[in-house]
Structures are given as structure tokens and as C-alpha cells.
file structure_18.pdb (PDB, C-alpha atoms)
MODEL        1
ATOM      1  CA  MET A   1      42.862 -34.713 -43.156
ATOM      2  CA  ALA A   2      42.272 -30.955 -42.894
ATOM      3  CA  THR A   3      41.733 -30.797 -46.662
ATOM      4  CA  LEU A   4      39.240 -33.654 -46.474
ATOM      5  CA  ASN A   5      37.299 -31.970 -43.661
ATOM      6  CA  TRP A   6      37.222 -28.733 -45.638
ATOM      7  CA  ARG A   7      35.840 -30.532 -48.688
ATOM      8  CA  VAL A   8      33.203 -32.255 -46.569
ATOM      9  CA  SER A   9      32.174 -28.907 -45.057
ATOM     10  CA  VAL A  10      31.870 -27.307 -48.478
ATOM     11  CA  PHE A  11      29.835 -30.278 -49.744
ATOM     12  CA  LEU A  12      27.416 -30.098 -46.798
ATOM     13  CA  PHE A  13      27.053 -26.334 -47.253
ATOM     14  CA  LEU A  14      26.194 -26.743 -50.943
ATOM     15  CA  VAL A  15      23.710 -29.497 -50.136
ATOM     16  CA  SER A  16      22.021 -27.279 -47.536
ATOM     17  CA  ILE A  17      21.635 -24.520 -50.144
ATOM     18  CA  LEU A  18      20.288 -26.845 -52.801
ATOM     19  CA  PHE A  19      17.694 -28.364 -50.511
ATOM     20  CA  CYS A  20      16.771 -25.266 -48.513
ATOM     21  CA  PRO A  21      13.517 -24.589 -50.483
ATOM     22  CA  LEU A  22      12.271 -28.104 -49.764
ATOM     23  CA  VAL A  23      12.716 -27.514 -46.045
ATOM     24  CA  ILE A  24      11.037 -24.114 -46.225
ATOM     25  CA  ALA A  25       7.930 -25.486 -47.912
ATOM     26  CA  GLN A  26       7.565 -28.550 -45.725
ATOM     27  CA  GLU A  27       4.328 -28.694 -43.780
ATOM     28  CA  VAL A  28       4.226 -30.770 -40.627
ATOM     29  CA  GLU A  29       2.824 -34.205 -41.428
ATOM     30  CA  ASP A  30       2.732 -35.700 -37.913
ATOM     31  CA  GLU A  31      -0.910 -35.189 -37.029
ATOM     32  CA  SER A  32      -0.297 -35.922 -33.341
ATOM     33  CA  GLU A  33       1.693 -32.706 -32.892
ATOM     34  CA  PHE A  34      -1.193 -30.253 -33.296
ATOM     35  CA  ASP A  35      -4.964 -30.094 -33.683
ATOM     36  CA  TYR A  36      -7.805 -27.708 -34.571
ATOM     37  CA  ILE A  37      -9.804 -27.932 -31.350
ATOM     38  CA  ARG A  38     -10.543 -24.535 -29.825
ATOM     39  CA  GLY A  39      -9.160 -24.338 -26.282
ATOM     40  CA  SER A  40      -6.965 -27.406 -26.779
ATOM     41  CA  LYS A  41      -3.346 -27.344 -25.600
ATOM     42  CA  LYS A  42      -2.429 -28.235 -29.184
ATOM     43  CA  GLY A  43      -5.028 -25.972 -30.821
ATOM     44  CA  PRO A  44      -4.386 -23.057 -33.239
ATOM     45  CA  SER A  45      -3.916 -20.479 -30.473
ATOM     46  CA  LYS A  46      -1.121 -22.628 -29.013
ATOM     47  CA  TRP A  47       0.703 -23.693 -32.186
ATOM     48  CA  GLY A  48       3.376 -21.032 -31.767
ATOM     49  CA  GLU A  49       4.184 -22.272 -28.254
ATOM     50  CA  ILE A  50       4.488 -26.000 -28.982
ATOM     51  CA  LYS A  51       7.872 -25.811 -30.701
ATOM     52  CA  ARG A  52      10.463 -23.094 -31.071
ATOM     53  CA  GLU A  53      10.505 -23.553 -34.849
ATOM     54  CA  TRP A  54       6.754 -22.883 -34.884
ATOM     55  CA  GLU A  55       7.070 -19.397 -33.355
ATOM     56  CA  ARG A  56       5.846 -17.783 -36.579
ATOM     57  CA  CYS A  57       2.408 -19.198 -35.845
ATOM     58  CA  LYS A  58       2.277 -16.796 -32.888
ATOM     59  CA  ASN A  59       4.421 -13.779 -33.757
ATOM     60  CA  GLY A  60       4.448 -13.715 -37.559
ATOM     61  CA  GLU A  61       3.343 -10.518 -39.297
ATOM     62  CA  MET A  62       2.250 -12.136 -42.575
ATOM     63  CA  GLN A  63       0.132 -15.054 -41.418
ATOM     64  CA  SER A  64      -2.617 -16.835 -43.332
ATOM     65  CA  PRO A  65      -5.542 -17.208 -43.801
ATOM     66  CA  ILE A  66      -7.104 -13.745 -43.982
ATOM     67  CA  ASP A  67     -10.459 -12.275 -44.979
ATOM     68  CA  LEU A  68     -10.639 -11.120 -48.590
ATOM     69  CA  SER A  69     -12.860  -8.071 -48.230
ATOM     70  CA  SER A  70     -13.917  -6.500 -51.518
ATOM     71  CA  THR A  71     -13.928  -3.040 -49.901
ATOM     72  CA  ARG A  72     -10.175  -3.271 -49.406
ATOM     73  CA  VAL A  73      -9.196  -5.090 -52.606
ATOM     74  CA  LYS A  74      -7.470  -3.280 -55.455
ATOM     75  CA  ALA A  75      -8.479  -4.525 -58.911
ATOM     76  CA  ILE A  76      -5.554  -4.458 -61.350
ATOM     77  CA  LYS A  77      -4.731  -6.078 -64.677
ATOM     78  CA  THR A  78      -0.926  -6.134 -64.561
ATOM     79  CA  LEU A  79      -0.701  -9.346 -62.520
ATOM     80  CA  GLY A  80      -1.477 -11.391 -65.615
ATOM     81  CA  HIS A  81      -2.969 -14.840 -66.062
ATOM     82  CA  LEU A  82      -2.012 -17.707 -63.775
ATOM     83  CA  ASN A  83      -0.473 -19.644 -66.617
ATOM     84  CA  ASN A  84      -0.069 -23.272 -65.671
ATOM     85  CA  LYS A  85       1.635 -26.075 -67.531
ATOM     86  CA  TYR A  86       0.321 -29.008 -65.544
ATOM     87  CA  LYS A  87       0.710 -32.576 -66.770
ATOM     88  CA  PRO A  88      -0.091 -36.101 -65.556
ATOM     89  CA  SER A  89       2.356 -37.718 -63.148
ATOM     90  CA  ASN A  90       2.405 -40.539 -60.608
ATOM     91  CA  ALA A  91       0.902 -39.502 -57.292
ATOM     92  CA  ILE A  92       0.238 -40.769 -53.783
ATOM     93  CA  LEU A  93      -2.989 -40.259 -51.819
ATOM     94  CA  LYS A  94      -2.100 -39.523 -48.187
ATOM     95  CA  ASN A  95      -4.100 -39.254 -44.988
ATOM     96  CA  ARG A  96      -1.983 -36.867 -42.919
ATOM     97  CA  GLY A  97      -4.417 -37.011 -40.024
ATOM     98  CA  HIS A  98      -5.155 -33.291 -40.249
ATOM     99  CA  ASP A  99      -6.094 -33.447 -43.958
ATOM    100  CA  ILE A 100      -6.297 -35.580 -47.085
ATOM    101  CA  SER A 101      -3.615 -34.773 -49.643
ATOM    102  CA  ILE A 102      -2.276 -35.872 -53.011
ATOM    103  CA  LYS A 103       1.482 -35.678 -53.472
ATOM    104  CA  TRP A 104       3.015 -35.999 -56.906
ATOM    105  CA  GLU A 105       6.109 -38.192 -57.097
ATOM    106  CA  GLY A 106       7.270 -36.893 -60.463
ATOM    107  CA  ASN A 107       7.020 -33.694 -62.477
ATOM    108  CA  ALA A 108       3.355 -32.624 -62.508
ATOM    109  CA  GLY A 109       4.081 -29.291 -64.156
ATOM    110  CA  SER A 110       4.172 -25.740 -62.889
ATOM    111  CA  ILE A 111       2.707 -22.263 -62.821
ATOM    112  CA  LYS A 112       4.581 -19.057 -63.664
ATOM    113  CA  ILE A 113       4.403 -16.021 -61.383
ATOM    114  CA  ASN A 114       6.561 -12.928 -61.925
ATOM    115  CA  ASP A 115       8.714 -14.842 -64.427
ATOM    116  CA  THR A 116       9.398 -17.563 -61.852
ATOM    117  CA  ASN A 117       8.306 -21.158 -62.336
ATOM    118  CA  TYR A 118       6.737 -22.843 -59.320
ATOM    119  CA  LEU A 119       6.558 -26.643 -59.507
ATOM    120  CA  LEU A 120       3.372 -28.331 -58.316
ATOM    121  CA  GLN A 121       4.120 -30.451 -55.240
ATOM    122  CA  GLN A 122       0.828 -31.456 -53.637
ATOM    123  CA  ILE A 123      -2.809 -30.544 -53.042
ATOM    124  CA  HIS A 124      -4.993 -30.854 -49.952
ATOM    125  CA  TRP A 125      -8.434 -29.848 -48.705
ATOM    126  CA  HIS A 126      -9.714 -27.770 -45.766
ATOM    127  CA  SER A 127     -13.301 -27.839 -44.538
ATOM    128  CA  PRO A 128     -14.726 -25.311 -43.979
ATOM    129  CA  SER A 129     -12.669 -22.878 -46.049
ATOM    130  CA  GLU A 130      -9.733 -21.221 -44.332
ATOM    131  CA  HIS A 131      -9.889 -17.890 -46.151
ATOM    132  CA  THR A 132     -13.133 -15.962 -46.024
ATOM    133  CA  LEU A 133     -14.661 -13.724 -48.677
ATOM    134  CA  ASN A 134     -16.351 -10.665 -47.187
ATOM    135  CA  GLY A 135     -16.574 -12.577 -43.912
ATOM    136  CA  ARG A 136     -18.127 -15.694 -45.420
ATOM    137  CA  ARG A 137     -16.602 -19.133 -44.980
ATOM    138  CA  TYR A 138     -17.310 -21.589 -47.770
ATOM    139  CA  ASP A 139     -17.816 -25.327 -47.355
ATOM    140  CA  LEU A 140     -14.443 -26.394 -48.734
ATOM    141  CA  GLU A 141     -11.123 -24.934 -49.842
ATOM    142  CA  LEU A 142      -8.572 -26.698 -52.029
ATOM    143  CA  HIS A 143      -4.895 -25.713 -51.886
ATOM    144  CA  LEU A 144      -2.474 -26.427 -54.740
ATOM    145  CA  VAL A 145       0.996 -26.024 -53.241
ATOM    146  CA  HIS A 146       3.901 -25.071 -55.511
ATOM    147  CA  GLN A 147       7.623 -24.726 -54.860
ATOM    148  CA  SER A 148      10.237 -22.632 -56.672
ATOM    149  CA  SER A 149      13.334 -24.542 -57.797
ATOM    150  CA  HIS A 150      15.503 -21.451 -57.210
ATOM    151  CA  THR A 151      17.119 -20.603 -53.870
ATOM    152  CA  ASP A 152      17.291 -16.834 -54.393
ATOM    153  CA  VAL A 153      13.553 -16.210 -54.752
ATOM    154  CA  LYS A 154      12.042 -13.888 -52.149
ATOM    155  CA  TYR A 155       8.794 -15.861 -52.072
ATOM    156  CA  PRO A 156       9.702 -19.554 -52.586
ATOM    157  CA  ILE A 157       6.176 -20.956 -52.160
ATOM    158  CA  ALA A 158       3.062 -20.280 -54.240
ATOM    159  CA  VAL A 159      -0.379 -21.628 -53.367
ATOM    160  CA  VAL A 160      -3.479 -21.557 -55.535
ATOM    161  CA  GLY A 161      -6.719 -21.725 -53.537
ATOM    162  CA  ILE A 162     -10.203 -22.636 -54.746
ATOM    163  CA  PHE A 163     -13.457 -22.155 -52.789
ATOM    164  CA  TYR A 164     -16.372 -24.606 -53.008
ATOM    165  CA  LYS A 165     -19.979 -24.321 -51.858
ATOM    166  CA  MET A 166     -22.588 -27.070 -51.527
ATOM    167  CA  GLY A 167     -24.083 -28.096 -54.836
ATOM    168  CA  ARG A 168     -23.216 -30.535 -57.605
ATOM    169  CA  PRO A 169     -20.377 -33.004 -56.903
ATOM    170  CA  ASP A 170     -16.880 -31.895 -57.796
ATOM    171  CA  PRO A 171     -15.720 -34.106 -60.734
ATOM    172  CA  PHE A 172     -12.134 -34.345 -59.518
ATOM    173  CA  LEU A 173     -13.184 -35.498 -56.039
ATOM    174  CA  SER A 174     -15.667 -37.911 -57.596
ATOM    175  CA  LYS A 175     -12.786 -39.747 -59.282
ATOM    176  CA  LEU A 176     -10.973 -40.014 -55.955
ATOM    177  CA  SER A 177     -13.862 -40.937 -53.657
ATOM    178  CA  ARG A 178     -13.381 -44.698 -53.887
ATOM    179  CA  LYS A 179      -9.656 -44.379 -53.161
ATOM    180  CA  ILE A 180     -10.286 -42.094 -50.167
ATOM    181  CA  LYS A 181     -12.833 -44.548 -48.754
ATOM    182  CA  ALA A 182     -10.351 -47.395 -49.254
ATOM    183  CA  LEU A 183      -7.657 -45.696 -47.187
ATOM    184  CA  GLY A 184      -9.124 -47.076 -43.970
ATOM    185  CA  GLU A 185      -6.327 -47.525 -41.437
ATOM    186  CA  GLU A 186      -3.707 -47.061 -44.133
ATOM    187  CA  LYS A 187      -2.023 -43.687 -44.346
ATOM    188  CA  GLU A 188      -1.315 -43.694 -48.070
ATOM    189  CA  LYS A 189      -2.116 -45.367 -51.370
ATOM    190  CA  LYS A 190      -0.505 -45.120 -54.778
ATOM    191  CA  LEU A 191      -2.854 -43.550 -57.307
ATOM    192  CA  GLY A 192      -0.923 -44.040 -60.512
ATOM    193  CA  ARG A 193      -0.925 -41.113 -62.935
ATOM    194  CA  ILE A 194      -3.084 -38.174 -61.843
ATOM    195  CA  ASP A 195      -3.652 -35.181 -64.119
ATOM    196  CA  PRO A 196      -3.905 -31.889 -62.161
ATOM    197  CA  ARG A 197      -5.577 -30.313 -65.207
ATOM    198  CA  MET A 198      -8.724 -32.117 -64.055
ATOM    199  CA  ILE A 199      -8.987 -29.505 -61.294
ATOM    200  CA  LYS A 200     -11.145 -26.729 -62.729
ATOM    201  CA  MET A 201     -10.111 -23.180 -61.837
ATOM    202  CA  GLY A 202     -13.383 -21.718 -63.101
ATOM    203  CA  SER A 203     -12.187 -18.151 -63.662
ATOM    204  CA  ILE A 204      -9.123 -16.216 -64.770
ATOM    205  CA  LYS A 205      -9.752 -13.718 -61.955
ATOM    206  CA  TYR A 206      -7.985 -14.298 -58.659
ATOM    207  CA  TYR A 207      -7.021 -12.554 -55.413
ATOM    208  CA  ARG A 208      -3.326 -12.264 -54.549
ATOM    209  CA  TYR A 209      -1.561 -11.400 -51.313
ATOM    210  CA  MET A 210       1.605 -12.381 -49.433
ATOM    211  CA  GLY A 211       1.128 -14.717 -46.503
ATOM    212  CA  SER A 212       2.170 -17.995 -44.901
ATOM    213  CA  LEU A 213       1.475 -21.688 -44.673
ATOM    214  CA  THR A 214      -1.736 -22.247 -42.688
ATOM    215  CA  VAL A 215      -0.361 -25.186 -40.685
ATOM    216  CA  PRO A 216       2.795 -25.403 -38.550
ATOM    217  CA  PRO A 217       5.483 -24.221 -38.949
ATOM    218  CA  CYS A 218       3.426 -21.337 -40.460
ATOM    219  CA  THR A 219       6.337 -20.411 -42.750
ATOM    220  CA  GLU A 220       6.019 -16.948 -44.289
ATOM    221  CA  GLY A 221       6.997 -16.083 -47.845
ATOM    222  CA  VAL A 222       3.958 -17.602 -49.579
ATOM    223  CA  ILE A 223       2.308 -16.039 -52.636
ATOM    224  CA  TRP A 224      -1.402 -16.735 -52.251
ATOM    225  CA  ASN A 225      -3.622 -16.811 -55.345
ATOM    226  CA  ILE A 226      -7.299 -17.410 -54.526
ATOM    227  CA  ASN A 227      -9.567 -18.056 -57.510
ATOM    228  CA  GLN A 228     -12.588 -15.752 -57.530
ATOM    229  CA  LYS A 229     -14.929 -18.349 -59.034
ATOM    230  CA  ILE A 230     -16.702 -20.519 -56.463
ATOM    231  CA  GLY A 231     -16.884 -24.202 -57.356
ATOM    232  CA  THR A 232     -19.409 -26.720 -56.069
ATOM    233  CA  VAL A 233     -19.027 -29.848 -53.977
ATOM    234  CA  SER A 234     -21.591 -32.324 -52.699
ATOM    235  CA  ARG A 235     -22.449 -32.775 -49.036
ATOM    236  CA  GLU A 236     -21.325 -36.410 -49.315
ATOM    237  CA  GLN A 237     -17.893 -35.366 -50.606
ATOM    238  CA  VAL A 238     -17.337 -32.945 -47.741
ATOM    239  CA  LYS A 239     -18.477 -35.600 -45.281
ATOM    240  CA  LEU A 240     -16.048 -38.103 -46.822
ATOM    241  CA  LEU A 241     -13.082 -35.743 -46.412
ATOM    242  CA  ARG A 242     -14.059 -35.018 -42.805
ATOM    243  CA  SER A 243     -14.676 -38.624 -41.797
ATOM    244  CA  ALA A 244     -11.367 -39.785 -43.290
ATOM    245  CA  VAL A 245      -9.214 -37.617 -41.005
ATOM    246  CA  HIS A 246      -8.874 -37.698 -37.232
ATOM    247  CA  ASP A 247     -11.688 -36.355 -35.055
ATOM    248  CA  SER A 248      -9.583 -33.338 -34.030
ATOM    249  CA  ALA A 249      -9.369 -32.257 -37.680
ATOM    250  CA  GLU A 250     -12.903 -32.839 -38.971
ATOM    251  CA  LYS A 251     -13.089 -29.064 -39.236
ATOM    252  CA  ASN A 252      -9.532 -28.259 -40.221
ATOM    253  CA  ALA A 253      -9.614 -24.506 -40.866
ATOM    254  CA  ARG A 254      -7.182 -22.226 -39.077
ATOM    255  CA  PRO A 255      -8.822 -19.057 -37.644
ATOM    256  CA  ILE A 256      -8.552 -15.817 -39.629
ATOM    257  CA  GLN A 257      -5.284 -13.962 -38.988
ATOM    258  CA  PRO A 258      -4.652 -10.182 -38.745
ATOM    259  CA  ARG A 259      -4.178  -8.506 -42.094
ATOM    260  CA  ASN A 260      -1.532  -6.125 -40.709
ATOM    261  CA  GLY A 261      -1.902  -3.663 -43.556
ATOM    262  CA  ARG A 262      -1.143  -6.152 -46.304
ATOM    263  CA  GLN A 263      -2.393  -5.324 -49.772
ATOM    264  CA  VAL A 264      -4.784  -7.705 -51.506
ATOM    265  CA  ASP A 265      -5.006  -7.429 -55.282
ATOM    266  CA  LEU A 266      -7.634  -8.800 -57.643
ATOM    267  CA  TYR A 267      -6.430  -9.714 -61.096
ATOM    268  CA  ASP A 268      -9.095  -8.440 -63.460
ATOM    269  CA  PRO A 269      -8.490  -7.938 -67.196
ATOM    270  CA  ASN A 270     -11.273  -5.332 -67.088
ATOM    271  CA  PRO A 271     -10.736  -3.534 -63.735
ATOM    272  CA  THR A 272     -13.459  -0.939 -64.358
ATOM    273  CA  HIS A 273     -15.868  -3.443 -62.792
ATOM    274  CA  THR A 274     -16.275  -3.554 -59.022
ATOM    275  CA  PRO A 275     -15.197  -6.974 -57.618
ATOM    276  CA  ASN A 276     -17.975  -9.131 -56.202
TER     277      ASN A 276
ENDMDL
END
call {"tool": "encode", "arguments": {"input": "structure_18.pdb", "output": "C-alpha cells"}}
result
Amino acid sequence: MATLNWRVSVFLFLVSILFCPLVIAQEVEDESEFDYIRGSKKGPSKWGEIKREWERCKNGEMQSPIDLSSTRVKAIKTLGHLNNKYKPSNAILKNRGHDISIKWEGNAGSIKINDTNYLLQQIHWHSPSEHTLNGRRYDLELHLVHQSSHTDVKYPIAVVGIFYKMGRPDPFLSKLSRKIKALGEEKEKKLGRIDPRMIKMGSIKYYRYMGSLTVPPCTEGVIWNINQKIGTVSREQVKLLRSAVHDSAEKNARPIQPRNGRQVDLYDPNPTHTPN
């Protein structure tokens, strides 16, 4: 019996190691647990007090989002391209109450950062943008959330962010609009095969810094990569994303967090130019 218990303990320990990254990267999906209303008991200033495991939201030193000020950004070329190997895979459209997201069920490909592959897990939208550029908030920000398959990586999560301003409709959102409208009271719908390569990055230049998830539990250890090129989105598309979620999340951007001396780099193959 003692031998059996020992084997069970070892098995559970190994399982906890294997699945640790999935727990680390998990954002809260129960929209009733928090909101974005200023002054609310469940608002951003109170997130770190709602649950013990959300304490990072209050006392973390590497919280996101931050302002990307060009006067404090170092342009370098050694970061390299954000090489992605995305591919079509079955996906689910989800209304998480606080945002609209697409979660891939299979292998949708990856990006490579510092010789580590990060597998694409899901994307979601924030309106207005969470990060700011020289103090400016844009109309929309898309997050592509990736997860490392290795347990010994210092930064197990990598997020690619894209800003959008009002203008021509975003082609990727245009293909999803009918499905988002059809969600209604349902929380999710199967989309079939969705190709993440349809999401246009726009530029090879990007800002990088180390931060956190922007929703509870505000987990730190996230490599942020914000594309410098600003995309466009129509007013109707932003309105659709806002009307689909709960009233408390129509504007689902977390307030800007202290930079705390963190370095922000700009990948630029020709760093002699001053970043915009």
C-alpha cells in the first residue's frame, strides 16, 4: 500500500509539472468575478483584493498595460523578426463576458522568441486599447496569446498586440462579424478552421517589454510584443465587439500600470531612425 501511495504521489507531481504552464497562462473566464467600472467593488483598483490568488493585480512590480513612450524606448536590431509559423486549425468563438475571444482547439502554429517556440492559444479584443503610445489610447487592441510548451522557461507566456484606429474595416473581423452577431445568449460557437495568418501584422517593427496578463490573476512573466504599425477598424466593428459583451465590459481596458523602471525596446532593422 505504501508503494502504491508513493507511485500515486510521484504521478500527481509529474502531472502538476507537465500542466503547470497551462495554469500559469489561464485568464479568468468567469465574467461575474470582476468588471471594468471605475469605483466598482469589482473594478480594476479592487482586483487584487477580490481573491488571494489575484494579489499580483495589486502588488505586482511588472504589471501591464503600460505607456510606450518613444522618449524612453531603445531602438535595437538584435531582437530579430517575430517569425511565426501559423496555420489553420479548428477554433471556437467565445463570449467571455469581459471580451470576445477565439480559442484554437488544435495546433494553430507558433512564434519563436529567443529560440523558444510559443504556441498560439487564443486571441481577444480590448476597446479602447489597453497599452498607450505616447499617452494615446487607440480604438481597439488585439491580443494574440501564446504559451511555451516547456516548463523551465523564465517567461512562459508571449503576447503579440496590435493597435487599431477608426478607418476602413478590418478584414479579419469582417469575416467574423456574422458569427459574433449570432452569438446572442450563447457563450460560444464552433467556427471550423480559422487561419491566424489572416491577421495582418502590418510591420516588422515592434515594441517589447516584460509584463503581465491584463486581466485577473494578472500573472507576471509575459513577453509583450506590440506591433508598431497601426491597423484600421470600422466604427461598426468596434460597436459590435462592445455590444456583444456585458455592460460592465463595454470599455474593457485596464488602466495604465507603473513602469517601475522596466526597459522597453523597439525592434528596428535600421535603428538610426528615431521611433515614431
call {"tool": "atom_distance", "arguments": {"input": "structure_18.pdb", "atom1": "CA of Ile66 in chain A", "atom2": "CA of Ile256 in chain A"}}
result
5.0 Å
call {"tool": "atom_distance", "arguments": {"input": "structure_18.pdb", "atom1": "CA of Gly202 in chain A", "atom2": "CA of Lys229 in chain A"}}
result
5.5 Å
call {"tool": "closest_residue", "arguments": {"input": "structure_18.pdb", "among": "A:Cys218, A:Val145, A:Ile100, A:Leu183", "to": "Val238 in chain A", "atoms": "only C-alpha atoms"}}
result
A:Ile100
call {"tool": "residues_near_point", "arguments": {"input": "structure_18.pdb", "point": "(5.3, -13.6, -51.7)", "cutoff": "8 Å", "atoms": "all atoms listed in the file", "output": "list in words"}}
result
Lys154, Tyr155, Pro156, Ile157, Ala158, Tyr209, Met210, Gly211, Gly221, Val222, Ile223 and Trp224 of chain A
call {"tool": "write_last_selection", "arguments": {"input": "structure_18.pdb", "atoms": "C-alpha atoms", "output": "PDB file, keeping the file's coordinate frame"}}
result
ATOM      1  CA  LYS A 154      12.042 -13.888 -52.149  1.00  0.00           C
ATOM      2  CA  TYR A 155       8.794 -15.861 -52.072  1.00  0.00           C
ATOM      3  CA  PRO A 156       9.702 -19.554 -52.586  1.00  0.00           C
ATOM      4  CA  ILE A 157       6.176 -20.956 -52.160  1.00  0.00           C
ATOM      5  CA  ALA A 158       3.062 -20.280 -54.240  1.00  0.00           C
ATOM      6  CA  TYR A 209      -1.561 -11.400 -51.313  1.00  0.00           C
ATOM      7  CA  MET A 210       1.605 -12.381 -49.433  1.00  0.00           C
ATOM      8  CA  GLY A 211       1.128 -14.717 -46.503  1.00  0.00           C
ATOM      9  CA  GLY A 221       6.997 -16.083 -47.845  1.00  0.00           C
ATOM     10  CA  VAL A 222       3.958 -17.602 -49.579  1.00  0.00           C
ATOM     11  CA  ILE A 223       2.308 -16.039 -52.636  1.00  0.00           C
ATOM     12  CA  TRP A 224      -1.402 -16.735 -52.251  1.00  0.00           C
TER      13      TRP A 224
END
call {"tool": "resolve_selection", "arguments": {"input": "structure_18.pdb", "expression": "the PyMOL selection byres ((chain A and resi 37) around 10)", "output": "PyMOL selection string"}}
result
chain A and resi 34-36+38-45+247-252+254
call {"tool": "resolve_selection", "arguments": {"input": "structure_18.pdb", "expression": "the PyMOL selection byres ((chain A and resi 120) around 7)", "output": "MDAnalysis selection string"}}
result
chainID A and resid 108:110 118:119 121:122 145:147
call {"tool": "axis_aligned_box", "arguments": {"input": "structure_18.pdb", "around": "range 31-38 of chain A", "padding_each_side": "4 Å", "output": "lines of an AutoDock Vina configuration file"}}
result
center_x = -4.4
center_y = -30.2
center_z = -33.4
size_x = 20.2
size_y = 19.4
size_z = 15.2
call {"tool": "closest_atom_pairs", "arguments": {"input": "structure_18.pdb", "of": "range 126-219 of chain A", "to": "range 263-269 of chain A", "cutoff": "8 Å", "atoms": "all atoms listed in the file", "output": "JSON lines"}}
result
{"residue": "A:Ile204", "atom": "CA", "partner": "A:Asp268", "partner_atom": "CA", "distance": 7.9}
{"residue": "A:Lys205", "atom": "CA", "partner": "A:Tyr267", "partner_atom": "CA", "distance": 5.3}
{"residue": "A:Tyr206", "atom": "CA", "partner": "A:Tyr267", "partner_atom": "CA", "distance": 5.4}
{"residue": "A:Tyr207", "atom": "CA", "partner": "A:Leu266", "partner_atom": "CA", "distance": 4.4}
{"residue": "A:Arg208", "atom": "CA", "partner": "A:Asp265", "partner_atom": "CA", "distance": 5.2}
{"residue": "A:Tyr209", "atom": "CA", "partner": "A:Val264", "partner_atom": "CA", "distance": 4.9}
call {"tool": "closest_residue", "arguments": {"input": "structure_18.pdb", "among": "A:Gly184, A:Pro88, A:Pro128, A:Pro217", "to": "Lys239 in chain A", "atoms": "all atoms listed in the file"}}
result
A:Pro128
call {"tool": "atom_distance", "arguments": {"input": "structure_18.pdb", "atom1": "CA of Lys165 in chain A", "atom2": "CA of Ser127 in chain A"}}
result
10.5 Å
call {"tool": "resolve_selection", "arguments": {"input": "structure_18.pdb", "expression": "the PyMOL selection byres ((chain A and resi 170-176) around 7)", "output": "list in words"}}
result
Arg168, Pro169, Ser177, Arg178, Lys179, Ile180, Met198, Ile199, Thr232, Val233 and Ser234 of chain A
call {"tool": "closest_residue", "arguments": {"input": "structure_18.pdb", "among": "A:Ser148, A:Ser129, A:Thr214, A:Asn84", "to": "Met201 in chain A", "atoms": "all atoms listed in the file"}}
result
A:Asn84
call {"tool": "closest_residue", "arguments": {"input": "structure_18.pdb", "among": "A:Ala253, A:Ile162, A:Ala182, A:Ile194", "to": "Ile230 in chain A", "atoms": "all atoms listed in the file"}}
result
A:Ile162
call {"tool": "closest_residue", "arguments": {"input": "structure_18.pdb", "among": "A:Leu213, A:Met166, A:Leu240, A:Ala91", "to": "Arg137 in chain A", "atoms": "all atoms listed in the file"}}
result
A:Met166
call {"tool": "residues_around", "arguments": {"input": "structure_18.pdb", "residues": "Lys189 in chain A", "least_positions_apart": "5", "cutoff": "7 Å", "atoms": "all atoms listed in the file", "output": "short mmCIF file (atom, residue, chain, number, x, y, z; two decimals) with C-alpha atoms, in the coordinates of the input"}}
result
data_model
loop_
_atom_site.label_atom_id
_atom_site.label_comp_id
_atom_site.auth_asym_id
_atom_site.auth_seq_id
_atom_site.Cartn_x
_atom_site.Cartn_y
_atom_site.Cartn_z
CA ILE A 92 0.24 -40.77 -53.78
CA LEU A 93 -2.99 -40.26 -51.82
CA LYS A 94 -2.10 -39.52 -48.19
CA LEU A 183 -7.66 -45.70 -47.19
#
call {"tool": "closest_residue", "arguments": {"input": "structure_18.pdb", "among": "A:Trp125, A:Trp104, A:Tyr164, A:Trp54", "to": "Pro196 in chain A", "atoms": "all atoms listed in the file"}}
result
A:Trp104
